[in-house]
Amino acid sequence: MNETIQLLLVLQNYDMRLIELERNLNDIPQSIADLEVAIAQWNRKITQEKEQIQNIKLEIQKLEKEISSSEETIATCKYKLAFTKNPKESENLTKRIEEEQNKISQWEELSLHKMFELDDKKLSTSEQIAQDEILKIQNEREHQQQRTLDLEKNKSEIKNKIAVMRKVLQENHTHWLHYYDKTKKAIHKMPCVVELNPGNFCGGCHLKRSDYNDQTVDSHFPFIICESCARMIITLPEGLCPLDSCKEA
Ligand SMILES: [Zn+2]
């Protein structure tokens, strides 16, 4: 008797492990999706920073072009100034040279400012941090993918074990298995086979049983069905209940 209850408890343990495995497996796709989102965010951050640096470089290049264009204008004006005899033209050329020189000094100042900005950006860029984070997240994703494979393998092993246990119970205790399956469907949370706690309390829902008064144990069905939660309560006397030894297994 004790041994066959033990078989049912072993089946129950396998069933609970299967439920746990399936729950873990169900959570993995979401956690991988979260990791993908995190990678995309870090990549976006890297792209944004590169774009900002690139923009400053382009601004500096533009300023350098303006400066060299002004320098050419000044050179042309100076050449003309050396040969002109017209005072009005001479005055205009001098004025133009001054204007261009003013522009150059403004652009040079701006360009210097941009160069400092560029240096600051390069120093403060979080690309390396982002790359490290991405690497960490990618490792975690690989770990989750490997975990999926491991869990799937465990799941198929447990399923085989469950099939073996069910076959044994089917052959000898169809009645028990029938009740076990019925209870499993009825309850929200495993286990379905529980012990009777001291004080006549159900080991599943922890409610006090009302109609239990030392009833004789039916050797063909050594359980009572809890009227509150429908779990199968083992009615073996204390000390003989295999639940504790089974919990440790
Ligand atoms: Zn109960």
# chains A, B, ... in the order shown; residues from 1 in each chain; ligands from 1

$ residues_near_ligand --ligand "ligand 1" --cutoff "8 Å" --atoms "only C-alpha atoms and all ligand atoms" --output "ChimeraX atom specification"
/A:201-207,209,225-231,233

$ write_last_selection --atoms "N, CA and C atoms" --output "PDB file, in the first residue's frame"
ATOM      1  N   PHE A 201      -6.655  18.904   9.554  1.00  0.00           N
ATOM      2  CA  PHE A 201      -6.620  19.937   8.524  1.00  0.00           C
ATOM      3  C   PHE A 201      -6.120  19.354   7.203  1.00  0.00           C
ATOM      4  N   CYS A 202      -6.732  19.795   6.099  1.00  0.00           N
ATOM      5  CA  CYS A 202      -6.293  19.342   4.770  1.00  0.00           C
ATOM      6  C   CYS A 202      -4.915  19.942   4.489  1.00  0.00           C
ATOM      7  N   GLY A 203      -3.977  19.119   4.026  1.00  0.00           N
ATOM      8  CA  GLY A 203      -2.621  19.585   3.726  1.00  0.00           C
ATOM      9  C   GLY A 203      -2.561  20.439   2.465  1.00  0.00           C
ATOM     10  N   GLY A 204      -3.679  20.533   1.733  1.00  0.00           N
ATOM     11  CA  GLY A 204      -3.691  21.334   0.504  1.00  0.00           C
ATOM     12  C   GLY A 204      -4.275  22.707   0.739  1.00  0.00           C
ATOM     13  N   CYS A 205      -5.547  22.763   1.159  1.00  0.00           N
ATOM     14  CA  CYS A 205      -6.222  24.059   1.332  1.00  0.00           C
ATOM     15  C   CYS A 205      -6.129  24.554   2.765  1.00  0.00           C
ATOM     16  N   HIS A 206      -5.617  23.687   3.665  1.00  0.00           N
ATOM     17  CA  HIS A 206      -5.432  24.011   5.086  1.00  0.00           C
ATOM     18  C   HIS A 206      -6.748  24.287   5.819  1.00  0.00           C
ATOM     19  N   LEU A 207      -7.861  23.858   5.240  1.00  0.00           N
ATOM     20  CA  LEU A 207      -9.141  24.029   5.949  1.00  0.00           C
ATOM     21  C   LEU A 207      -9.406  22.789   6.798  1.00  0.00           C
ATOM     22  N   ARG A 209     -11.203  19.743   8.236  1.00  0.00           N
ATOM     23  CA  ARG A 209     -12.210  18.808   7.720  1.00  0.00           C
ATOM     24  C   ARG A 209     -13.284  18.614   8.779  1.00  0.00           C
ATOM     25  N   ILE A 225     -11.421  12.508  -0.077  1.00  0.00           N
ATOM     26  CA  ILE A 225     -11.419  13.665  -0.971  1.00  0.00           C
ATOM     27  C   ILE A 225     -11.843  14.869  -0.133  1.00  0.00           C
ATOM     28  N   CYS A 226     -10.983  15.901  -0.154  1.00  0.00           N
ATOM     29  CA  CYS A 226     -11.283  17.092   0.658  1.00  0.00           C
ATOM     30  C   CYS A 226     -12.542  17.759   0.115  1.00  0.00           C
ATOM     31  N   GLU A 227     -13.497  18.044   1.009  1.00  0.00           N
ATOM     32  CA  GLU A 227     -14.767  18.628   0.542  1.00  0.00           C
ATOM     33  C   GLU A 227     -14.592  20.102   0.181  1.00  0.00           C
ATOM     34  N   SER A 228     -13.448  20.714   0.606  1.00  0.00           N
ATOM     35  CA  SER A 228     -13.236  22.128   0.290  1.00  0.00           C
ATOM     36  C   SER A 228     -12.475  22.308  -1.017  1.00  0.00           C
ATOM     37  N   CYS A 229     -11.397  21.529  -1.215  1.00  0.00           N
ATOM     38  CA  CYS A 229     -10.554  21.779  -2.389  1.00  0.00           C
ATOM     39  C   CYS A 229     -10.506  20.597  -3.361  1.00  0.00           C
ATOM     40  N   ALA A 230     -11.123  19.501  -3.008  1.00  0.00           N
ATOM     41  CA  ALA A 230     -11.191  18.302  -3.858  1.00  0.00           C
ATOM     42  C   ALA A 230      -9.864  17.557  -3.972  1.00  0.00           C
ATOM     43  N   ARG A 231      -8.883  17.926  -3.128  1.00  0.00           N
ATOM     44  CA  ARG A 231      -7.614  17.193  -3.181  1.00  0.00           C
ATOM     45  C   ARG A 231      -7.751  15.831  -2.519  1.00  0.00           C
ATOM     46  N   ILE A 233      -6.588  13.352   0.053  1.00  0.00           N
ATOM     47  CA  ILE A 233      -5.837  13.370   1.312  1.00  0.00           C
ATOM     48  C   ILE A 233      -5.484  11.937   1.695  1.00  0.00           C
TER      49      ILE A 233
END

$ closest_atom_pairs --of "segment 20-92 of chain A" --to "segment 128-139 of chain A" --cutoff "9 Å" --atoms "only C-alpha atoms" --output "tab-separated table"
residue	atom	partner	partner_atom	distance
A:Leu35	CA	A:Ile137	CA	6.3
A:Glu36	CA	A:Ile137	CA	8.2
A:Ala38	CA	A:Ile137	CA	7.7
A:Ile39	CA	A:Ile134	CA	5.6
A:Ala40	CA	A:Ile134	CA	8.9
A:Trp42	CA	A:Ala130	CA	5.7
A:Asn43	CA	A:Ala130	CA	7.5
A:Lys45	CA	A:Ala130	CA	7.8
A:Ile46	CA	A:Ala130	CA	7.0

$ write_last_selection --atoms "C-alpha atoms" --output "compact mmCIF listing (two decimals), in the first residue's frame"
# COMPACT_ATOMS: atom_id res chain seq x y z
CA LEU A 35 16.94 41.52 -24.27
CA GLU A 36 16.51 42.24 -28.01
CA ALA A 38 17.71 46.45 -24.80
CA ILE A 39 20.27 45.67 -27.55
CA ALA A 40 18.33 47.82 -30.04
CA TRP A 42 22.02 50.57 -26.98
CA ASN A 43 22.63 50.39 -30.73
CA LYS A 45 22.42 55.29 -28.59
CA ILE A 46 25.68 54.44 -30.40

$ atom_distance --atom1 "atom CA of Glu152 of chain A" --atom2 "atom CA of Leu8 of chain A"
24.0 Å

$ closest_residue --among "A:Leu123, A:Ile187, A:Met165, A:Gln144" --to "Asn24 of chain A" --atoms "only C-alpha atoms"
A:Gln144

$ atom_distance --atom1 "atom CA of Ile234 of chain A" --atom2 "atom CA of Pro222 of chain A"
6.2 Å

$ closest_residue --among "A:Lys95, A:Arg147, A:Lys185, A:Lys103" --to "Asn26 of chain A" --atoms "only C-alpha atoms"
A:Arg147

$ select_by_dssp --residues "segment 32-247 of chain A" --states "alpha helix (DSSP H)" --output "number ranges by chain"
A: 32-83, 87-124, 127-172, 174-186, 243-247

$ closest_residue --among "A:Thr84, A:Ser156, A:Asn172, A:Ser124" --to "Glu3 of chain A" --atoms "only C-alpha atoms"
A:Asn172

$ closest_residue --among "A:Lys122, A:Gln6, A:Glu89, A:Leu11" --to "Asn160 of chain A" --atoms "only C-alpha atoms"
A:Leu11

$ closest_residue --among "A:Gln54, A:Gln170, A:Ser70, A:Gln106" --to "Leu118 of chain A" --atoms "only C-alpha atoms"
A:Gln54

$ residues_around --residues "Arg96 of chain A" --least-positions-apart "2" --cutoff "12 Å" --atoms "only C-alpha atoms" --output "PyMOL selection string"
chain A and resi 70-71+73-78+80-81+89-94+98-103

$ write_last_selection --atoms "C-alpha atoms" --output "mmCIF file, in the first residue's frame"
data_model
loop_
_atom_site.group_PDB
_atom_site.id
_atom_site.type_symbol
_atom_site.label_atom_id
_atom_site.label_comp_id
_atom_site.auth_asym_id
_atom_site.auth_seq_id
_atom_site.Cartn_x
_atom_site.Cartn_y
_atom_site.Cartn_z
ATOM 1 C CA SER A 70 37.710 84.143 -47.988
ATOM 2 C CA GLU A 71 41.492 83.800 -48.048
ATOM 3 C CA THR A 73 39.142 86.486 -52.088
ATOM 4 C CA ILE A 74 41.618 88.463 -49.972
ATOM 5 C CA ALA A 75 44.539 87.301 -52.158
ATOM 6 C CA THR A 76 42.689 88.362 -55.312
ATOM 7 C CA CYS A 77 41.799 91.745 -53.792
ATOM 8 C CA LYS A 78 45.412 92.352 -52.704
ATOM 9 C CA LYS A 80 44.176 93.958 -57.763
ATOM 10 C CA LEU A 81 45.037 96.580 -55.155
ATOM 11 C CA GLU A 89 38.429 101.009 -56.577
ATOM 12 C CA SER A 90 41.363 101.032 -54.194
ATOM 13 C CA GLU A 91 39.065 102.070 -51.359
ATOM 14 C CA ASN A 92 36.509 99.379 -52.220
ATOM 15 C CA LEU A 93 39.167 96.685 -52.368
ATOM 16 C CA THR A 94 40.591 97.702 -48.965
ATOM 17 C CA GLU A 98 38.773 94.068 -44.109
ATOM 18 C CA GLU A 99 35.345 92.487 -44.366
ATOM 19 C CA GLU A 100 36.783 89.149 -45.382
ATOM 20 C CA GLN A 101 39.377 89.298 -42.596
ATOM 21 C CA ASN A 102 36.599 89.929 -40.090
ATOM 22 C CA LYS A 103 34.663 86.962 -41.418
#

$ residues_around --residues "Trp107 of chain A" --least-positions-apart "2" --cutoff "9 Å" --atoms "only C-alpha atoms" --output "mmCIF file with C-alpha atoms, in the first residue's frame"
data_model
loop_
_atom_site.group_PDB
_atom_site.id
_atom_site.type_symbol
_atom_site.label_atom_id
_atom_site.label_comp_id
_atom_site.auth_asym_id
_atom_site.auth_seq_id
_atom_site.Cartn_x
_atom_site.Cartn_y
_atom_site.Cartn_z
ATOM 1 C CA LEU A 63 33.849 76.530 -41.773
ATOM 2 C CA GLU A 64 37.275 75.572 -43.168
ATOM 3 C CA GLU A 66 34.474 79.311 -45.947
ATOM 4 C CA ILE A 67 37.809 80.413 -44.486
ATOM 5 C CA ASN A 102 36.599 89.929 -40.090
ATOM 6 C CA LYS A 103 34.663 86.962 -41.418
ATOM 7 C CA ILE A 104 37.763 84.770 -41.183
ATOM 8 C CA SER A 105 38.410 85.666 -37.575
ATOM 9 C CA GLU A 109 36.747 81.350 -33.478
ATOM 10 C CA LEU A 110 33.647 79.293 -34.264
ATOM 11 C CA SER A 111 35.753 76.490 -35.697
ATOM 12 C CA LEU A 112 37.906 76.387 -32.558
#

$ residues_around --residues "Arg17 of chain A" --least-positions-apart "3" --cutoff "12 Å" --atoms "only C-alpha atoms" --output "PDB file with C-alpha atoms, in the first residue's frame"
ATOM      1  CA  VAL A  10       6.442  10.108  -7.624  1.00  0.00           C
ATOM      2  CA  LEU A  11       4.083  10.685 -10.559  1.00  0.00           C
ATOM      3  CA  GLN A  12       2.858  13.828  -8.821  1.00  0.00           C
ATOM      4  CA  ASN A  13       6.437  15.054  -8.376  1.00  0.00           C
ATOM      5  CA  TYR A  14       7.131  14.512 -12.079  1.00  0.00           C
ATOM      6  CA  GLU A  20       7.468  24.167 -13.491  1.00  0.00           C
ATOM      7  CA  LEU A  21       9.511  23.419 -16.630  1.00  0.00           C
ATOM      8  CA  GLU A  22       6.687  24.571 -18.867  1.00  0.00           C
ATOM      9  CA  ARG A  23       6.285  27.758 -16.877  1.00  0.00           C
ATOM     10  CA  ASN A  24      10.014  28.491 -17.205  1.00  0.00           C
ATOM     11  CA  LEU A 151      14.640  22.724 -20.468  1.00  0.00           C
ATOM     12  CA  ASN A 154      14.458  17.880 -19.370  1.00  0.00           C
ATOM     13  CA  LYS A 155      10.846  18.182 -20.424  1.00  0.00           C
ATOM     14  CA  SER A 156      11.046  15.256 -22.801  1.00  0.00           C
ATOM     15  CA  GLU A 157      12.854  13.164 -20.139  1.00  0.00           C
ATOM     16  CA  ILE A 158      10.186  13.973 -17.551  1.00  0.00           C
ATOM     17  CA  LYS A 159       7.452  13.199 -20.060  1.00  0.00           C
ATOM     18  CA  LYS A 161       9.178   9.174 -16.885  1.00  0.00           C
ATOM     19  CA  ILE A 162       5.551  10.269 -16.485  1.00  0.00           C
ATOM     20  CA  MET A 190      -0.603  21.295  -7.424  1.00  0.00           C
ATOM     21  CA  PRO A 191      -0.171  19.093  -5.426  1.00  0.00           C
TER      22      PRO A 191
END

$ residues_around --residues "Thr4 of chain A" --least-positions-apart "5" --cutoff "10 Å" --atoms "only C-alpha atoms" --output "list in words"
Leu9, Val10, Val168, Leu169, Asn172, His173, Trp176 and Pro242 of chain A

$ atom_distance --atom1 "atom CA of Asp15 of chain A" --atom2 "atom CA of Lys184 of chain A"
9.7 Å
